[in-house]
Structures are given as structure tokens and as C-alpha cells.
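S.K.: Here's a structure for you.
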Amino acid sequence: MNAARLRRGCVVIGALSLVVSFLLRSGSALRVPVPQGLFKLTLILVPLLAALGLGAQLRRERETRRKTERRLLEFLATAGHELRTPLTAISGYIQLARMGGLADQEKFDLALSRMTDETRRMSALLDELVLLTRIDLGQPLRREPVNLARLCREVVADARACSPHHPIRLTILPGSHSVTGDRDRLYQAVANLLANVRHHTPEGTRTSVGLGTEDSYRVIEVIDDGPGIPVELRGSAFERFVHGRQAAAGRVPDDDAGGGNGLGLSVVAAIVAAHGGEVTLESAYRGAWFRIRLPA
């Protein structure tokens with residue numbers, strides 16, 4: 001039981017009792033007859049009803065805490081499964097080396113490259129798990145002025161360098177595009193949306209990134225003309241460890257070895273929500289259309 005909430009409940013009960021007593025005394029002063037039995041009954045019922053209300057609140061909080069703990073356990077179980085995949089791959093290559101299966105230099109280099117990729121993937125997964133945990137625990141993000149126009153230019157430039165075969169067009173509408181928030185985390189949110197395109201669309205897929213203002217909100221849109229998100233995944237796209245289909249053609253760049261772990265979109269949603277905004281998956285004739293809205 002939370003001691004602070006218990007103290008507040010006791011204060012409420014005491015205050016209600018004082019109010020009722022005052023009203024009854026006022027009625028007596030105004031020569032309004034107040035039966036002694038009613039007075040005693042009121043003094044019993046008011047604290048009792050307040051205590052029942054406090055008890056119901058505590059029960060709701062216990063149930064909420066149980067649900068949170070259950071989600072955390074499920075989250076940890078899934079995270080353990082996701083980490084097991086790269087660890088199994090690395091372990092397999094080590095066993096192969098011990099048995100002499102990597103004596104050939106070409107095979108050795110390939111195995112070393114794959115283990116490096118799996119290590120990157122595991123590191124990226126751990127970083128995103130730590131970030132999600134920090135946000136879930138309510139740990140504050142940095143609060144500083146952020147120029148979204150500059151941020152979008154940098155994200156797009158980095159994405160073009162990472163995957164030249166996924167052309168990106170950037171459109172920034174006239175006006176102020178500043179918000180208050182954590183620049184690194186906002187960069188990560190937009191970068192994750194572009195990484196989502198790289199990981200789940202074939203080479204040659206075109207992407208449009210737009211920045212503007214709408215109803216006192218800064219709006220960032222990421223739209224691609226790829227195969228789109230499967231209908232069965234649209235409702236759960238921002239949930240953790242939801243995997244979309246891999247690119248129909250092309251290869252994920254080595255620098256993106258940490259992607260495709262099912263956390264990218266959930267990280268976007270968590271970062272945007274921590275800034276008081278929202279990210280949505282809009283209906284589109286083809287491809288995927290994401291909209292980030294941040295309070296100006």
C-alpha cells in the first residue's frame with residue numbers, strides 16, 4: 001500500500017467528517033432540528049463511504065500494477081527470445097571454428113563478418129530495450145529547443161548515405177519548425193521510420209519526407225511507395241516485437257544490422273508520446289504513410 005495515498009485518504013475522510021459536523025452545527029444554530037440519531041449515523045457513514053472509495057481506488061491500482069508486471073514479464077520473455085537468435089548464430093560460428101570448418105580464409109572472413117553483424121544487431125536491440133524501459137519508468141528526456149528542419153535534413157542525408165538505392169525526397173514547408181524536446185531521441189524517431197522503409201521494401205522504393213505545421217502541431221510525414229504494411233499487422237504496428245515482412249528484394253546494409261528486431265516502430269511511438277505528441281499509420285492506396293505530430 002502506498003503510504004502517501006493512504007495519508008491522502010485519511011485527510012479526505014477527516015475533511016468530510018469536519019464538513020458534515022460543521023453543516024450539522026450550522027443547522028442547529030439556525031434552529032433546524034437535527035435528530036441525534038441522524039447525527040451519529042452521518043458520522044459513521046461518511047468515513048465508511050470514504051474508506052470504501054479509497055479501498056476501491058487501491059484495488060484498481062493493484063490491478064493496474066498486476067497488469068503492468070504481467071506485460072513486463074511478457075516483454076522480458078520476448079526480449080530474451082530475440083537476444084537468443086544472434087547469440088545462437090555467434091555460438092554456431094564459434095563451434096564451426098573449433099571443428100576446423102573455418103580454415104579457409106574466405107569462410108573465416110565471412111563468419112567474422114556475420115558475427116560482427118549479429119553483435120551489432122544485439123547491441124542495437126539492447127539500446128532500444130534500455131530506452132523503452134527508461135520511458136516506461138517515466139525518466140525524463142532532455143528538454144531543449146530543437147530545429148526540426150535541420151534535424152530532418154540530417155536524418156535524410158544519413159539515410160541516403162546508408163542506402164543509396166532507396167531514393168528519398170525531402171519537402172520542408174515555409175515557417176517555423178522548432179519544438180522543445182530531446183533532439184537525439186527525435187532524430188531516432190524519424191530515423192527509425194526511414195530504417196523501416198529500408199528493411200521492409202525492395203531497392204528502388206521511393207520515400208517522401210515532409211515537414212510542416214498543422215493546428216499548432218509540427219507534422220513530420222514519411223510516405224513510401226513500397227508494398228505497404230500487411231492488413232493483419234496494421235492494428236499492432238506500434239506494438240513491441242511485431243515483425244513485418246522483409247524486403248522483397250535487395251539486402252539490408254551492414255550499417256543497419258541492428259534493424260528488423262521488431263522494436264523500431266514501438267520506439268518511435270514511445271519517443272513521440274514522451275514529447276506529448278502522437279504517431280499514426282494513415283490509410284494509403286499503396287505503401288506506408290506515417291505521421292508524427294508534435295506540440296509546437
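In the C-alpha cells, the first chain shown is A, the next is B, and so on; residue numbers restart at 1 for each chain, and ligands run from 1 in the order shown.
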Give me, as a count of residues only, all polymer residues having an atom no more than 7 Å from Arg143 (chain A), counting only C-alpha atoms and skipping those fewer than 5 positions away in the same chain.
M.R.: 3
S.K.: Hey, what's within 8 Å of His165 (chain A) if we count only C-alpha atoms and toss same-chain stuff fewer than 5 positions away? As a PyMOL selection string, please?
M.R.: chain A and resi 203-205
S.K.: Kindly export the residues of the current selection with all heavy atoms, as a PDB file, in the first residue's frame.
M.R.:
ATOM      1  N   GLU A 203      14.810  -2.554 -53.020  1.00  0.00           N
ATOM      2  CA  GLU A 203      15.592  -1.425 -53.525  1.00  0.00           C
ATOM      3  C   GLU A 203      14.821  -0.721 -54.636  1.00  0.00           C
ATOM      4  O   GLU A 203      14.114  -1.356 -55.417  1.00  0.00           O
ATOM      5  CB  GLU A 203      16.947  -1.908 -54.041  1.00  0.00           C
ATOM      6  CG  GLU A 203      17.874  -2.396 -52.951  1.00  0.00           C
ATOM      7  CD  GLU A 203      19.242  -2.795 -53.495  1.00  0.00           C
ATOM      8  OE1 GLU A 203      19.390  -2.790 -54.727  1.00  0.00           O
ATOM      9  OE2 GLU A 203      20.137  -3.109 -52.695  1.00  0.00           O
ATOM     10  N   GLY A 204      14.967   0.591 -54.700  1.00  0.00           N
ATOM     11  CA  GLY A 204      14.238   1.380 -55.682  1.00  0.00           C
ATOM     12  C   GLY A 204      12.964   1.978 -55.132  1.00  0.00           C
ATOM     13  O   GLY A 204      12.343   2.830 -55.782  1.00  0.00           O
ATOM     14  N   THR A 205      12.543   1.536 -53.943  1.00  0.00           N
ATOM     15  CA  THR A 205      11.354   2.124 -53.328  1.00  0.00           C
ATOM     16  C   THR A 205      11.601   3.599 -53.026  1.00  0.00           C
ATOM     17  O   THR A 205      12.596   3.953 -52.406  1.00  0.00           O
ATOM     18  CB  THR A 205      10.996   1.378 -52.028  1.00  0.00           C
ATOM     19  OG1 THR A 205      10.703   0.014 -52.334  1.00  0.00           O
ATOM     20  CG2 THR A 205       9.789   2.004 -51.345  1.00  0.00           C
TER      21      THR A 205
END
S.K.: DSSP says strand (DSSP E) for which residues of region 155-257 of chain A? Put them as an MDAnalysis selection string?
M.R.: chainID A and resid 168:172 178:181 207:214 217:224
S.K.: If you keep N, CA and C atoms, can you produce a file of those selected residues as a short mmCIF file (atom, residue, chain, number, x, y, z; two decimals), in the first residue's frame?
M.R.:
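Result went into out_0.cif, see below:
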data_model
loop_
_atom_site.label_atom_id
_atom_site.label_comp_id
_atom_site.auth_asym_id
_atom_site.auth_seq_id
_atom_site.Cartn_x
_atom_site.Cartn_y
_atom_site.Cartn_z
N ILE A 168 15.13 9.24 -51.57
CA ILE A 168 14.29 9.98 -50.61
C ILE A 168 14.16 11.42 -51.07
N ARG A 169 12.93 11.92 -51.09
CA ARG A 169 12.67 13.33 -51.41
C ARG A 169 12.23 14.04 -50.13
N LEU A 170 12.85 15.17 -49.83
CA LEU A 170 12.54 15.93 -48.62
C LEU A 170 11.84 17.23 -49.00
N THR A 171 10.69 17.50 -48.35
CA THR A 171 9.94 18.73 -48.57
C THR A 171 9.72 19.41 -47.23
N ILE A 172 10.20 20.65 -47.10
CA ILE A 172 10.02 21.42 -45.88
C ILE A 172 9.21 22.67 -46.22
N SER A 178 10.33 24.74 -34.95
CA SER A 178 11.01 24.45 -33.69
C SER A 178 10.05 23.82 -32.68
N VAL A 179 10.58 22.90 -31.88
CA VAL A 179 9.86 22.30 -30.77
C VAL A 179 10.81 22.23 -29.57
N THR A 180 10.27 21.88 -28.43
CA THR A 180 11.09 21.66 -27.25
C THR A 180 11.12 20.17 -26.94
N GLY A 181 12.32 19.61 -26.87
CA GLY A 181 12.39 18.18 -26.61
C GLY A 181 13.82 17.68 -26.63
N THR A 207 10.72 7.23 -51.25
CA THR A 207 10.18 7.72 -49.98
C THR A 207 10.11 9.24 -50.01
N SER A 208 9.03 9.77 -49.47
CA SER A 208 8.87 11.22 -49.34
C SER A 208 8.83 11.57 -47.85
N VAL A 209 9.64 12.53 -47.45
CA VAL A 209 9.63 13.05 -46.08
C VAL A 209 9.16 14.50 -46.14
N GLY A 210 8.13 14.83 -45.39
CA GLY A 210 7.58 16.18 -45.39
C GLY A 210 7.53 16.75 -43.99
N LEU A 211 7.73 18.07 -43.87
CA LEU A 211 7.68 18.75 -42.58
C LEU A 211 6.84 20.01 -42.73
N GLY A 212 5.89 20.20 -41.83
CA GLY A 212 5.04 21.39 -41.87
C GLY A 212 4.37 21.61 -40.52
N THR A 213 3.39 22.52 -40.49
CA THR A 213 2.66 22.84 -39.26
C THR A 213 1.16 22.67 -39.51
N GLU A 214 0.48 22.11 -38.52
CA GLU A 214 -0.96 21.85 -38.64
C GLU A 214 -1.60 21.97 -37.27
N TYR A 217 0.60 22.14 -34.31
CA TYR A 217 1.46 20.95 -34.19
C TYR A 217 2.46 20.95 -35.34
N ARG A 218 3.69 20.54 -35.05
CA ARG A 218 4.66 20.27 -36.11
C ARG A 218 4.38 18.85 -36.61
N VAL A 219 4.30 18.72 -37.92
CA VAL A 219 3.94 17.43 -38.51
C VAL A 219 5.07 16.94 -39.41
N ILE A 220 5.51 15.73 -39.15
CA ILE A 220 6.52 15.07 -40.00
C ILE A 220 5.85 13.85 -40.63
N GLU A 221 5.90 13.78 -41.95
CA GLU A 221 5.30 12.66 -42.67
C GLU A 221 6.39 11.87 -43.39
N VAL A 222 6.26 10.55 -43.32
CA VAL A 222 7.15 9.65 -44.05
C VAL A 222 6.26 8.72 -44.87
N ILE A 223 6.35 8.85 -46.19
CA ILE A 223 5.48 8.09 -47.09
C ILE A 223 6.34 7.35 -48.11
N ASP A 224 6.09 6.07 -48.27
CA ASP A 224 6.84 5.31 -49.28
C ASP A 224 5.87 4.64 -50.24
#
S.K.: I need the residues of region 101-222 of chain A that end up classed as alpha helix (DSSP H) by DSSP on the backbone, written out as number ranges by chain.
M.R.: A: 105-136, 148-162, 183-200
S.K.: Leaving out region 130-139 of chain A and any residue of its chain fewer than 4 positions from it, which residues lie within 8 Å of it when counting only C-alpha atoms, given as a JSON list (two decimals) with N, CA and C atoms, in the first residue's frame?
M.R.:
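Just written: out_7.json:
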[["chain", "number", "residue", "atom", "x", "y", "z"],
["A", 126, "LEU", "N", 19.59, -4.12, -27.47],
["A", 126, "LEU", "CA", 19.76, -3.75, -26.06],
["A", 126, "LEU", "C", 19.57, -2.24, -25.85],
["A", 267, "VAL", "N", 9.50, 2.06, -30.62],
["A", 267, "VAL", "CA", 10.39, 3.11, -30.11],
["A", 267, "VAL", "C", 9.92, 4.47, -30.61],
["A", 270, "ALA", "N", 6.92, 5.47, -28.56],
["A", 270, "ALA", "CA", 7.27, 5.83, -27.18],
["A", 270, "ALA", "C", 7.94, 7.20, -27.13],
["A", 271, "ILE", "N", 8.84, 7.48, -28.06],
["A", 271, "ILE", "CA", 9.54, 8.77, -28.07],
["A", 271, "ILE", "C", 8.56, 9.90, -28.33],
["A", 274, "ALA", "N", 6.33, 10.52, -25.36],
["A", 274, "ALA", "CA", 7.07, 11.18, -24.28],
["A", 274, "ALA", "C", 7.21, 12.68, -24.53]]
S.K.: Near Ala189 (chain A), within 12 Å and counting only C-alpha atoms, which residues show up once chain neighbours fewer than 2 positions away are dropped, as JSON, numbers by chain?
M.R.: {"A": [128, 131, 148, 151, 152, 155, 182, 183, 184, 185, 186, 187, 191, 192, 193, 194, 195, 196, 220, 221, 222, 263, 264, 265, 266, 267, 268, 269, 270, 271, 272, 273, 274, 275, 277, 278, 279, 290, 291, 292, 293, 294]}
S.K.: Let me make sure I understand: among A:Asn147, A:Thr85, A:Thr201, A:Ser91, which one has the smallest atom-to-atom distance to Leu125 (chain A) if we use only C-alpha atoms?
M.R.: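 Result for the nearest residue to Leu125 (chain A): A:Thr85.
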